[in-house]
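Source file data_25.cif; content: mmCIF, C-alpha atoms and all ligand atoms.
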data_structure
#
loop_
_atom_site.group_PDB
_atom_site.id
_atom_site.type_symbol
_atom_site.label_atom_id
_atom_site.label_comp_id
_atom_site.auth_asym_id
_atom_site.auth_seq_id
_atom_site.Cartn_x
_atom_site.Cartn_y
_atom_site.Cartn_z
ATOM 1 C CA MET A 202 74.203 88.562 105.763
ATOM 2 C CA ALA A 203 77.108 91.042 105.632
ATOM 3 C CA ALA A 204 76.106 94.682 105.197
ATOM 4 C CA GLU A 205 76.584 95.955 101.654
ATOM 5 C CA ALA A 206 79.664 98.184 101.407
ATOM 6 C CA ARG A 207 78.963 101.830 100.613
ATOM 7 C CA GLY A 208 81.261 104.544 99.369
ATOM 8 C CA ARG A 209 83.112 105.695 96.285
ATOM 9 C CA LEU A 210 85.239 102.516 96.293
ATOM 10 C CA ALA A 211 82.604 100.055 97.449
ATOM 11 C CA GLY A 212 83.340 96.511 96.336
ATOM 12 C CA LYS A 213 86.879 97.248 95.169
ATOM 13 C CA ASN A 214 89.929 95.308 96.353
ATOM 14 C CA ALA A 215 92.899 97.639 96.676
ATOM 15 C CA ILE A 216 96.611 97.365 97.450
ATOM 16 C CA VAL A 217 98.578 100.309 98.832
ATOM 17 C CA THR A 218 102.382 100.043 98.955
ATOM 18 C CA GLY A 219 104.367 102.204 101.330
ATOM 19 C CA ALA A 220 101.161 101.984 103.368
ATOM 20 C CA ALA A 221 102.857 102.718 106.683
ATOM 21 C CA GLY A 222 104.233 106.080 105.517
ATOM 22 C CA GLY A 223 102.719 109.521 105.015
ATOM 23 C CA ILE A 224 100.749 109.296 101.746
ATOM 24 C CA GLY A 225 100.235 105.531 101.970
ATOM 25 C CA LEU A 226 98.638 105.600 105.407
ATOM 26 C CA GLU A 227 96.303 108.527 104.635
ATOM 27 C CA THR A 228 95.291 106.756 101.424
ATOM 28 C CA SER A 229 94.654 103.466 103.236
ATOM 29 C CA ILE A 230 92.403 105.309 105.704
ATOM 30 C CA LEU A 231 90.427 107.023 102.926
ATOM 31 C CA PHE A 232 90.198 103.831 100.859
ATOM 32 C CA ALA A 233 88.727 102.029 103.884
ATOM 33 C CA LYS A 234 86.334 104.923 104.573
ATOM 34 C CA GLU A 235 85.162 104.766 100.954
ATOM 35 C CA GLY A 236 84.303 101.087 101.244
ATOM 36 C CA ALA A 237 87.324 99.370 99.661
ATOM 37 C CA ASN A 238 88.931 96.214 100.987
ATOM 38 C CA VAL A 239 92.544 97.221 101.571
ATOM 39 C CA LEU A 240 95.813 95.310 101.668
ATOM 40 C CA MET A 241 98.415 97.568 103.271
ATOM 41 C CA ALA A 242 101.966 96.670 102.202
ATOM 42 C CA ASP A 243 105.235 98.016 103.541
ATOM 43 C CA ILE A 244 108.819 96.948 104.246
ATOM 44 C CA SER A 245 108.619 97.929 107.915
ATOM 45 C CA LYS A 246 106.704 95.504 110.164
ATOM 46 C CA GLU A 247 106.618 97.829 113.168
ATOM 47 C CA ALA A 248 105.351 100.785 111.170
ATOM 48 C CA LEU A 249 102.810 98.578 109.429
ATOM 49 C CA ASP A 250 101.415 97.343 112.754
ATOM 50 C CA ARG A 251 101.059 100.942 113.971
ATOM 51 C CA ALA A 252 99.439 101.965 110.679
ATOM 52 C CA LEU A 253 96.913 99.112 110.810
ATOM 53 C CA ALA A 254 95.957 100.042 114.369
ATOM 54 C CA LYS A 255 95.348 103.608 113.214
ATOM 55 C CA VAL A 256 93.124 102.533 110.304
ATOM 56 C CA LYS A 257 91.105 100.244 112.598
ATOM 57 C CA GLN A 258 90.743 103.035 115.148
ATOM 58 C CA LEU A 259 89.654 105.663 112.618
ATOM 59 C CA VAL A 260 87.492 103.386 110.455
ATOM 60 C CA PRO A 261 86.061 100.812 112.893
ATOM 61 C CA ASN A 262 83.260 99.555 110.637
ATOM 62 C CA THR A 263 85.359 98.895 107.619
ATOM 63 C CA GLY A 264 85.484 95.992 105.173
ATOM 64 C CA ARG A 265 88.573 93.855 105.032
ATOM 65 C CA VAL A 266 91.841 95.572 105.984
ATOM 66 C CA GLU A 267 94.987 93.448 106.185
ATOM 67 C CA THR A 268 98.732 93.989 106.093
ATOM 68 C CA ILE A 269 101.572 92.244 104.306
ATOM 69 C CA LEU A 270 105.309 92.686 104.533
ATOM 70 C CA CYS A 271 106.677 93.393 101.078
ATOM 71 C CA ASP A 272 109.909 94.780 99.693
ATOM 72 C CA VAL A 273 108.660 96.131 96.360
ATOM 73 C CA SER A 274 112.131 95.854 94.820
ATOM 74 C CA LYS A 275 111.812 92.038 94.968
ATOM 75 C CA GLU A 276 109.542 90.636 92.278
ATOM 76 C CA ALA A 277 108.717 87.436 94.194
ATOM 77 C CA ALA A 278 107.457 89.534 97.112
ATOM 78 C CA VAL A 279 105.313 91.708 94.852
ATOM 79 C CA LYS A 280 103.842 88.602 93.192
ATOM 80 C CA THR A 281 102.938 87.151 96.607
ATOM 81 C CA MET A 282 101.416 90.487 97.653
ATOM 82 C CA VAL A 283 99.172 90.685 94.574
ATOM 83 C CA GLU A 284 98.220 87.005 94.759
ATOM 84 C CA HIS A 285 97.123 87.576 98.371
ATOM 85 C CA LEU A 286 94.019 89.175 96.826
ATOM 86 C CA ASP A 287 93.135 86.113 94.730
ATOM 87 C CA SER A 288 90.990 84.773 97.566
ATOM 88 C CA TRP A 289 89.266 88.190 97.811
ATOM 89 C CA GLY A 290 88.213 88.002 94.140
ATOM 90 C CA GLY A 291 91.312 89.632 92.662
ATOM 91 C CA LEU A 292 92.701 93.130 92.587
ATOM 92 C CA ASP A 293 90.812 96.156 91.236
ATOM 93 C CA VAL A 294 93.149 98.953 92.332
ATOM 94 C CA ILE A 295 96.851 99.163 93.127
ATOM 95 C CA PHE A 296 98.571 102.282 94.412
ATOM 96 C CA ASN A 297 102.297 101.758 93.743
ATOM 97 C CA ASN A 298 103.445 104.383 96.179
ATOM 98 C CA ALA A 299 106.468 103.007 98.100
ATOM 99 C CA GLY A 300 109.558 105.075 97.416
ATOM 100 C CA ILE A 301 112.751 106.365 98.953
ATOM 101 C CA MET A 302 114.845 109.517 98.741
ATOM 102 C CA HIS A 303 118.269 108.645 100.104
ATOM 103 C CA ALA A 304 120.315 111.057 102.217
ATOM 104 C CA ARG A 305 123.402 110.322 100.068
ATOM 105 C CA ASP A 306 121.602 111.053 96.785
ATOM 106 C CA ASP A 307 123.288 114.099 95.257
ATOM 107 C CA ASP A 308 124.324 115.578 91.907
ATOM 108 C CA ALA A 309 125.939 113.869 88.895
ATOM 109 C CA LEU A 310 129.393 114.018 90.456
ATOM 110 C CA ASN A 311 128.616 112.948 93.992
ATOM 111 C CA THR A 312 125.828 110.374 93.868
ATOM 112 C CA PRO A 313 127.310 106.967 94.768
ATOM 113 C CA GLU A 314 126.426 104.252 92.265
ATOM 114 C CA GLU A 315 125.029 102.020 95.008
ATOM 115 C CA ILE A 316 122.581 104.797 95.980
ATOM 116 C CA TRP A 317 121.544 105.193 92.342
ATOM 117 C CA ASP A 318 120.891 101.436 92.112
ATOM 118 C CA LEU A 319 119.043 101.224 95.433
ATOM 119 C CA THR A 320 116.813 104.171 94.509
ATOM 120 C CA HIS A 321 116.007 102.769 91.079
ATOM 121 C CA ASN A 322 115.404 99.255 92.386
ATOM 122 C CA ILE A 323 112.705 100.537 94.752
ATOM 123 C CA ASN A 324 111.286 103.568 92.926
ATOM 124 C CA VAL A 325 111.305 102.192 89.370
ATOM 125 C CA LYS A 326 111.516 98.400 89.434
ATOM 126 C CA GLY A 327 109.109 98.340 92.376
ATOM 127 C CA VAL A 328 106.540 100.241 90.307
ATOM 128 C CA TRP A 329 107.147 98.046 87.256
ATOM 129 C CA TYR A 330 106.623 94.855 89.294
ATOM 130 C CA GLY A 331 103.456 96.301 90.827
ATOM 131 C CA CYS A 332 102.085 97.159 87.370
ATOM 132 C CA LYS A 333 103.082 93.793 85.906
ATOM 133 C CA HIS A 334 101.449 91.696 88.601
ATOM 134 C CA ALA A 335 98.390 93.947 88.662
ATOM 135 C CA VAL A 336 97.824 93.305 84.939
ATOM 136 C CA LEU A 337 98.342 89.560 85.422
ATOM 137 C CA SER A 338 95.827 89.556 88.279
ATOM 138 C CA LEU A 339 93.232 91.663 86.411
ATOM 139 C CA ARG A 340 93.436 89.277 83.455
ATOM 140 C CA ARG A 341 93.403 86.152 85.638
ATOM 141 C CA HIS A 342 90.159 87.327 87.222
ATOM 142 C CA GLY A 343 88.617 88.407 83.925
ATOM 143 C CA LYS A 344 88.246 92.039 85.068
ATOM 144 C CA ARG A 345 87.062 94.548 82.484
ATOM 145 C CA LYS A 346 88.409 97.534 84.414
ATOM 146 C CA GLY A 347 91.211 98.335 86.821
ATOM 147 C CA SER A 348 93.027 101.380 88.150
ATOM 148 C CA ILE A 349 96.772 101.533 88.673
ATOM 149 C CA ILE A 350 98.175 104.674 90.286
ATOM 150 C CA ASN A 351 101.923 105.211 90.502
ATOM 151 C CA THR A 352 103.553 107.841 92.683
ATOM 152 C CA ALA A 353 105.985 110.034 90.778
ATOM 153 C CA SER A 354 106.836 113.581 91.917
ATOM 154 C CA VAL A 355 106.928 117.168 90.708
ATOM 155 C CA VAL A 356 110.687 116.663 90.249
ATOM 156 C CA ALA A 357 109.788 114.502 87.265
ATOM 157 C CA LEU A 358 108.370 117.687 85.683
ATOM 158 C CA VAL A 359 110.660 120.517 86.795
ATOM 159 C CA GLY A 360 114.359 120.635 87.554
ATOM 160 C CA SER A 361 115.658 121.444 90.994
ATOM 161 C CA ALA A 362 118.848 123.233 92.002
ATOM 162 C CA THR A 363 118.859 121.204 95.221
ATOM 163 C CA PRO A 364 119.974 117.980 93.551
ATOM 164 C CA GLN A 365 118.915 114.409 94.221
ATOM 165 C CA LEU A 366 119.713 113.017 90.810
ATOM 166 C CA ALA A 367 118.924 109.341 91.342
ATOM 167 C CA TYR A 368 115.526 110.231 92.823
ATOM 168 C CA THR A 369 114.695 112.735 90.064
ATOM 169 C CA ALA A 370 115.609 110.258 87.320
ATOM 170 C CA SER A 371 113.637 107.489 89.026
ATOM 171 C CA LYS A 372 110.479 109.618 89.146
ATOM 172 C CA GLY A 373 110.923 110.583 85.486
ATOM 173 C CA ALA A 374 110.972 106.867 84.723
ATOM 174 C CA VAL A 375 107.742 106.360 86.679
ATOM 175 C CA LEU A 376 106.008 109.028 84.585
ATOM 176 C CA ALA A 377 107.247 107.550 81.325
ATOM 177 C CA LEU A 378 106.428 103.925 82.090
ATOM 178 C CA THR A 379 102.990 104.845 83.428
ATOM 179 C CA ARG A 380 102.143 106.809 80.276
ATOM 180 C CA GLU A 381 103.150 103.909 78.049
ATOM 181 C CA LEU A 382 101.271 101.285 80.060
ATOM 182 C CA ALA A 383 98.181 103.516 79.951
ATOM 183 C CA ILE A 384 98.164 103.303 76.176
ATOM 184 C CA VAL A 385 99.141 99.632 75.890
ATOM 185 C CA HIS A 386 96.320 98.471 78.183
ATOM 186 C CA ALA A 387 93.648 101.094 77.386
ATOM 187 C CA ARG A 388 91.423 98.730 75.388
ATOM 188 C CA GLU A 389 91.422 96.217 78.243
ATOM 189 C CA GLY A 390 89.928 98.904 80.500
ATOM 190 C CA TYR A 391 93.027 99.127 82.694
ATOM 191 C CA ARG A 392 93.865 102.747 83.527
ATOM 192 C CA PHE A 393 97.338 103.903 84.582
ATOM 193 C CA ASN A 394 97.919 107.350 86.065
ATOM 194 C CA SER A 395 100.830 108.997 87.851
ATOM 195 C CA LEU A 396 100.474 111.094 90.968
ATOM 196 C CA CYS A 397 102.897 114.032 91.126
ATOM 197 C CA PRO A 398 103.043 115.411 94.664
ATOM 198 C CA ALA A 399 104.816 118.637 95.623
ATOM 199 C CA PRO A 400 107.138 118.626 98.659
ATOM 200 C CA LEU A 401 105.111 117.353 101.590
ATOM 201 C CA ASN A 402 104.831 117.385 105.305
ATOM 202 C CA THR A 403 105.699 113.647 105.606
ATOM 203 C CA PRO A 404 108.650 111.804 107.166
ATOM 204 C CA LEU A 405 110.318 111.194 103.770
ATOM 205 C CA LEU A 406 111.121 114.896 103.369
ATOM 206 C CA GLN A 407 110.680 116.353 106.849
ATOM 207 C CA ASP A 408 113.150 113.932 108.494
ATOM 208 C CA TRP A 409 115.635 114.815 105.793
ATOM 209 C CA LEU A 410 115.180 118.588 106.256
ATOM 210 C CA GLY A 411 115.238 118.355 110.061
ATOM 211 C CA ASP A 412 115.475 121.785 111.693
ATOM 212 C CA ASP A 413 117.762 123.216 109.025
ATOM 213 C CA GLN A 414 115.912 126.532 108.451
ATOM 214 C CA ALA A 415 118.034 127.536 105.453
ATOM 215 C CA LYS A 416 117.201 124.265 103.674
ATOM 216 C CA ARG A 417 113.514 124.756 104.459
ATOM 217 C CA HIS A 418 113.474 128.359 103.268
ATOM 218 C CA ARG A 419 115.193 127.308 100.023
ATOM 219 C CA ARG A 420 112.035 125.331 99.238
ATOM 220 C CA GLU A 421 109.258 127.339 100.877
ATOM 221 C CA ILE A 422 110.021 130.430 98.797
ATOM 222 C CA HIS A 423 108.928 128.496 95.679
ATOM 223 C CA PHE A 424 105.526 127.443 97.035
ATOM 224 C CA PRO A 425 102.720 129.732 95.762
ATOM 225 C CA THR A 426 100.654 128.796 98.811
ATOM 226 C CA GLY A 427 103.647 129.294 101.127
ATOM 227 C CA ARG A 428 103.424 125.821 102.677
ATOM 228 C CA PHE A 429 104.303 122.167 102.247
ATOM 229 C CA GLY A 430 101.481 119.897 101.088
ATOM 230 C CA GLU A 431 99.781 117.419 103.415
ATOM 231 C CA ALA A 432 99.585 113.681 102.781
ATOM 232 C CA ILE A 433 95.779 113.759 103.039
ATOM 233 C CA GLU A 434 95.665 116.180 100.088
ATOM 234 C CA GLN A 435 97.428 113.541 97.972
ATOM 235 C CA ALA A 436 95.180 110.777 99.298
ATOM 236 C CA GLN A 437 92.054 112.663 98.170
ATOM 237 C CA ALA A 438 93.413 112.708 94.626
ATOM 238 C CA VAL A 439 94.263 108.999 94.788
ATOM 239 C CA VAL A 440 90.682 108.144 95.799
ATOM 240 C CA PHE A 441 89.438 109.981 92.697
ATOM 241 C CA LEU A 442 91.921 108.156 90.440
ATOM 242 C CA ALA A 443 91.049 104.804 92.036
ATOM 243 C CA SER A 444 87.292 105.321 91.717
ATOM 244 C CA ASP A 445 85.065 105.016 88.664
ATOM 245 C CA GLU A 446 84.591 108.811 88.844
ATOM 246 C CA SER A 447 87.852 109.022 86.881
ATOM 247 C CA SER A 448 86.817 106.424 84.286
ATOM 248 C CA PHE A 449 88.048 108.592 81.378
ATOM 249 C CA VAL A 450 91.255 109.756 83.104
ATOM 250 C CA ASN A 451 94.130 107.699 81.734
ATOM 251 C CA GLY A 452 97.857 108.268 81.228
ATOM 252 C CA THR A 453 97.799 111.574 83.040
ATOM 253 C CA ASP A 454 100.489 113.184 85.174
ATOM 254 C CA PHE A 455 98.095 114.070 87.993
ATOM 255 C CA VAL A 456 99.763 117.046 89.660
ATOM 256 C CA VAL A 457 98.808 117.920 93.251
ATOM 257 C CA ASP A 458 101.196 120.728 94.068
ATOM 258 C CA GLY A 459 99.356 123.907 95.118
ATOM 259 C CA GLY A 460 100.344 125.428 91.765
ATOM 260 C CA MET A 461 104.103 125.052 92.302
ATOM 261 C CA THR A 462 104.934 123.766 88.832
ATOM 262 C CA LYS A 463 102.964 126.605 87.226
ATOM 263 C CA ALA A 464 104.726 129.404 89.104
ATOM 264 C CA TYR A 465 107.168 131.917 87.641
ATOM 265 C CA VAL A 466 107.528 134.092 90.727
ATOM 266 C CA THR A 467 105.517 133.504 93.887
ATOM 267 C CA PRO A 468 103.642 135.986 96.117
ATOM 268 C CA GLU A 469 105.803 137.879 98.643
HETATM 269 P P1 LIG A 501 107.235 108.081 103.647
HETATM 270 O O1 LIG A 501 108.698 107.928 103.842
HETATM 271 O O2 LIG A 501 106.406 108.690 104.726
HETATM 272 O O3 LIG A 501 106.588 106.682 103.249
HETATM 273 C C1 LIG A 501 107.205 105.793 102.376
HETATM 274 C C2 LIG A 501 106.892 104.366 102.857
HETATM 275 O O4 LIG A 501 107.481 103.435 101.922
HETATM 276 C C3 LIG A 501 107.490 104.062 104.217
HETATM 277 O O5 LIG A 501 106.489 103.539 105.089
HETATM 278 C C4 LIG A 501 108.573 103.011 103.937
HETATM 279 O O6 LIG A 501 108.743 102.062 104.984
HETATM 280 C C5 LIG A 501 108.043 102.371 102.672
HETATM 281 N N1 LIG A 501 109.085 101.719 101.881
HETATM 282 C C6 LIG A 501 110.361 102.147 101.663
HETATM 283 N N2 LIG A 501 111.026 101.254 100.928
HETATM 284 C C7 LIG A 501 110.159 100.245 100.645
HETATM 285 C C8 LIG A 501 110.265 99.025 99.928
HETATM 286 N N3 LIG A 501 111.417 98.677 99.338
HETATM 287 N N4 LIG A 501 109.165 98.240 99.836
HETATM 288 C C9 LIG A 501 108.009 98.584 100.444
HETATM 289 N N5 LIG A 501 107.851 99.716 101.161
HETATM 290 C C10 LIG A 501 108.922 100.535 101.261
HETATM 291 O O7 LIG A 501 107.081 108.922 102.304
HETATM 292 P P2 LIG A 501 105.843 109.644 101.599
HETATM 293 O O8 LIG A 501 106.117 111.086 101.603
HETATM 294 O O9 LIG A 501 104.566 109.105 102.069
HETATM 295 O O10 LIG A 501 106.159 109.144 100.111
HETATM 296 C C11 LIG A 501 105.357 108.251 99.402
HETATM 297 C C12 LIG A 501 105.693 108.413 97.948
HETATM 298 O O11 LIG A 501 105.505 109.787 97.570
HETATM 299 C C13 LIG A 501 107.134 108.074 97.571
HETATM 300 O O12 LIG A 501 107.156 107.384 96.342
HETATM 301 C C14 LIG A 501 107.781 109.432 97.424
HETATM 302 O O13 LIG A 501 108.882 109.412 96.573
HETATM 303 C C15 LIG A 501 106.643 110.245 96.860
HETATM 304 N N6 LIG A 501 106.759 111.687 97.017
HETATM 305 C C16 LIG A 501 106.925 112.239 98.244
HETATM 306 C C17 LIG A 501 107.064 113.624 98.341
HETATM 307 C C18 LIG A 501 107.305 114.282 99.683
HETATM 308 O O14 LIG A 501 107.648 115.451 99.734
HETATM 309 N N7 LIG A 501 107.134 113.569 100.785
HETATM 310 C C19 LIG A 501 106.993 114.432 97.217
HETATM 311 C C20 LIG A 501 106.811 113.842 95.976
HETATM 312 C C21 LIG A 501 106.693 112.469 95.890
#
Is it possible to express this structure as structure tokens?
Ligand code: NAD
Amino acid sequence: MAAEARGRLAGKNAIVTGAAGGIGLETSILFAKEGANVLMADISKEALDRALAKVKQLVPNTGRVETILCDVSKEAAVKTMVEHLDSWGGLDVIFNNAGIMHARDDDALNTPEEIWDLTHNINVKGVWYGCKHAVLSLRRHGKRKGSIINTASVVALVGSATPQLAYTASKGAVLALTRELAIVHAREGYRFNSLCPAPLNTPLLQDWLGDDQAKRHRREIHFPTGRFGEAIEQAQAVVFLASDESSFVNGTDFVVDGGMTKAYVTPE
């Protein structure tokens, strides 16, 4: 007989999108450590293979951990990804986390329309499709509870003078759609929360900043703690939102930012 899973997510079937990247990988590792069965989804096969190897190495005695290639901007791919869990007993948790911030994203005058569309197709439509197919799956399997967590950003809450307009607008949309879904589905027991990370030490931002010290300083001066956040610090919050510990947390903009969005001036 298989050993009974233990942990804060024991018995839950979870999908993580963008699972090969910074937040997604740390979350997949923690989900597995906390006893969840995890389907890791990403658009990059190579990165996904590396990420799976890391999870298996760090959490050798885990439940089921599998990978699936999925471009979240394509509804058919998202449907296939969610239906992959039908044979596991259906989805309990989905972390709609895949997102991009394009190097050519800029201000109102200089953002190319194709970059706006690409950003919104992944960051907004991708989250919508994930939510839609999660609800369909939860209903199909007669589940009385489910947790959907969508990655937004602090830029959905505060404006930035270093513009990336398509990205900012896309994350505002994630907050708004998550809030509405939280209310629409509350009586079914399906919770929807947004995660709002501060600037992080992950490839998405760090590759973009490179070794441009002026660009870095422009941001660091606004951090009360004086540092970028770490992906693991986001993952810890996602575990809470995914678990039954957060059973009365619904529709919230869950901010994990070291106090950044509450700062007027920061310590010298
Ligand atoms: P990351 O670049 O390390 O990881 C993102 C992952 O998403 C990558 O593995 C990438 O291959 C994958 N991906 C990209 N397009 C995809 C698609 N169409 N379908 C499926 N997967 C796709 O970035 P991260 O920092 O871990 O970011 C994760 C989320 O957090 C994103 O939504 C991002 O906008 C958000 N966020 C990041 C920061 C930050 O500073 N890094 C701050 C706030 C919010």
Close residues, A:Ala248 itself excluded, 9 Å, all atoms listed in the file, min 6 positions apart in chain, as a list of chain:residue names:
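Listing them by chain and then by number gives A:Ala220, A:Ala221, A:Gly222.
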Output C-alpha atoms of each residue in that selection to a file, as a PDB file, in the frame of the given file.
ATOM      1  CA  ALA A 220     101.161 101.984 103.368  1.00  0.00           C
ATOM      2  CA  ALA A 221     102.857 102.718 106.683  1.00  0.00           C
ATOM      3  CA  GLY A 222     104.233 106.080 105.517  1.00  0.00           C
TER       4      GLY A 222
END
What do you get, as a ChimeraX atom specification, if you spell out every residue that the PyMOL selection byres (((chain A and resi 451) around 7) and not hetatm) selects here?
/A:383,392-394,449-450,452-453
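Proximity to ligand LIG 501 (chain A) was assessed for A:Thr363, A:Thr281, A:Ser444, A:Thr352 counting all atoms listed in the file; the smallest distance is recorded for A:Thr352.
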Near A:Arg305, within 8 Å and counting all atoms listed in the file, which residues show up once chain neighbours fewer than 5 positions away are dropped, as a ChimeraX atom specification?
/A:312-313,316
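Shortest atom-to-atom contact with A:Glu434 among A:Leu259, A:Val273, A:Leu231, A:Ala252: A:Leu231, counting all atoms listed in the file.
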Could you give me, as JSON lines, every stretch 344-454 of chain A residue with an atom at most 8 Å from stretch 326-336 of chain A, plus its closest atom pair and distance in Å to one decimal, counting all atoms listed in the file, rows ordered by chain then number?
{"residue": "A:Ile349", "atom": "CA", "partner": "A:Cys332", "partner_atom": "CA", "distance": 7.0}
{"residue": "A:Asn351", "atom": "CA", "partner": "A:Val328", "partner_atom": "CA", "distance": 6.8}
{"residue": "A:Val375", "atom": "CA", "partner": "A:Val328", "partner_atom": "CA", "distance": 7.2}
{"residue": "A:Leu378", "atom": "CA", "partner": "A:Trp329", "partner_atom": "CA", "distance": 7.9}
{"residue": "A:Tyr391", "atom": "CA", "partner": "A:Val336", "partner_atom": "CA", "distance": 7.9}
One-decimal distance in Å that lies between atom CA of A:Asp272 and atom CA of A:Gly347:
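Rounded to one decimal, the two atoms are 23.0 Å apart.
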Given the file above and the PyMOL selection byres (((not hetatm)) within 7 of (chain A and resi 501)), which residues are selected, and can you give them as number ranges by chain?
A: 218-225, 242-245, 248, 271-274, 298-302, 323-324, 352-355, 397-406, 432
Calculated over all atoms listed in the file, which of the candidates A:Leu339, A:Gln435, A:Leu270, A:Ala254 has the smallest distance to A:Glu227?
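For A:Glu227, the nearest of the candidates is A:Gln435.
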By how many Å are atom CA of A:Ala233 and atom CA of A:Gly264 apart?
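Straight-line distance from atom CA of A:Ala233 to atom CA of A:Gly264 works out to 7.0 Å.
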With the PyMOL selection byres (((chain A and resi 306) around 10) and not hetatm) as the selection, what would be picked from this file? Answer as an NGL selection string, please.
:A and (302-305 or 307-309 or 311-317 or 320 or 364-369)
To one decimal in Å, tell me the separation between atom CA of A:Val385 and atom CA of A:Gly360.
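If I compute the distance from atom CA of A:Val385 to atom CA of A:Gly360, I get 28.4 Å.
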Go through A:Arg417, A:Arg340, A:Arg251, A:Lys257 one by one, measure the shortest atom-to-atom distance of each to A:Leu292 using only C-alpha atoms, and give the residue with the smallest value.
A:Arg340
Residues within 10 Å of (93.1, 91.7, 108.5), counting all atoms listed in the file, listed as a PyMOL selection string:
chain A and resi 238-241+253+257+264-269
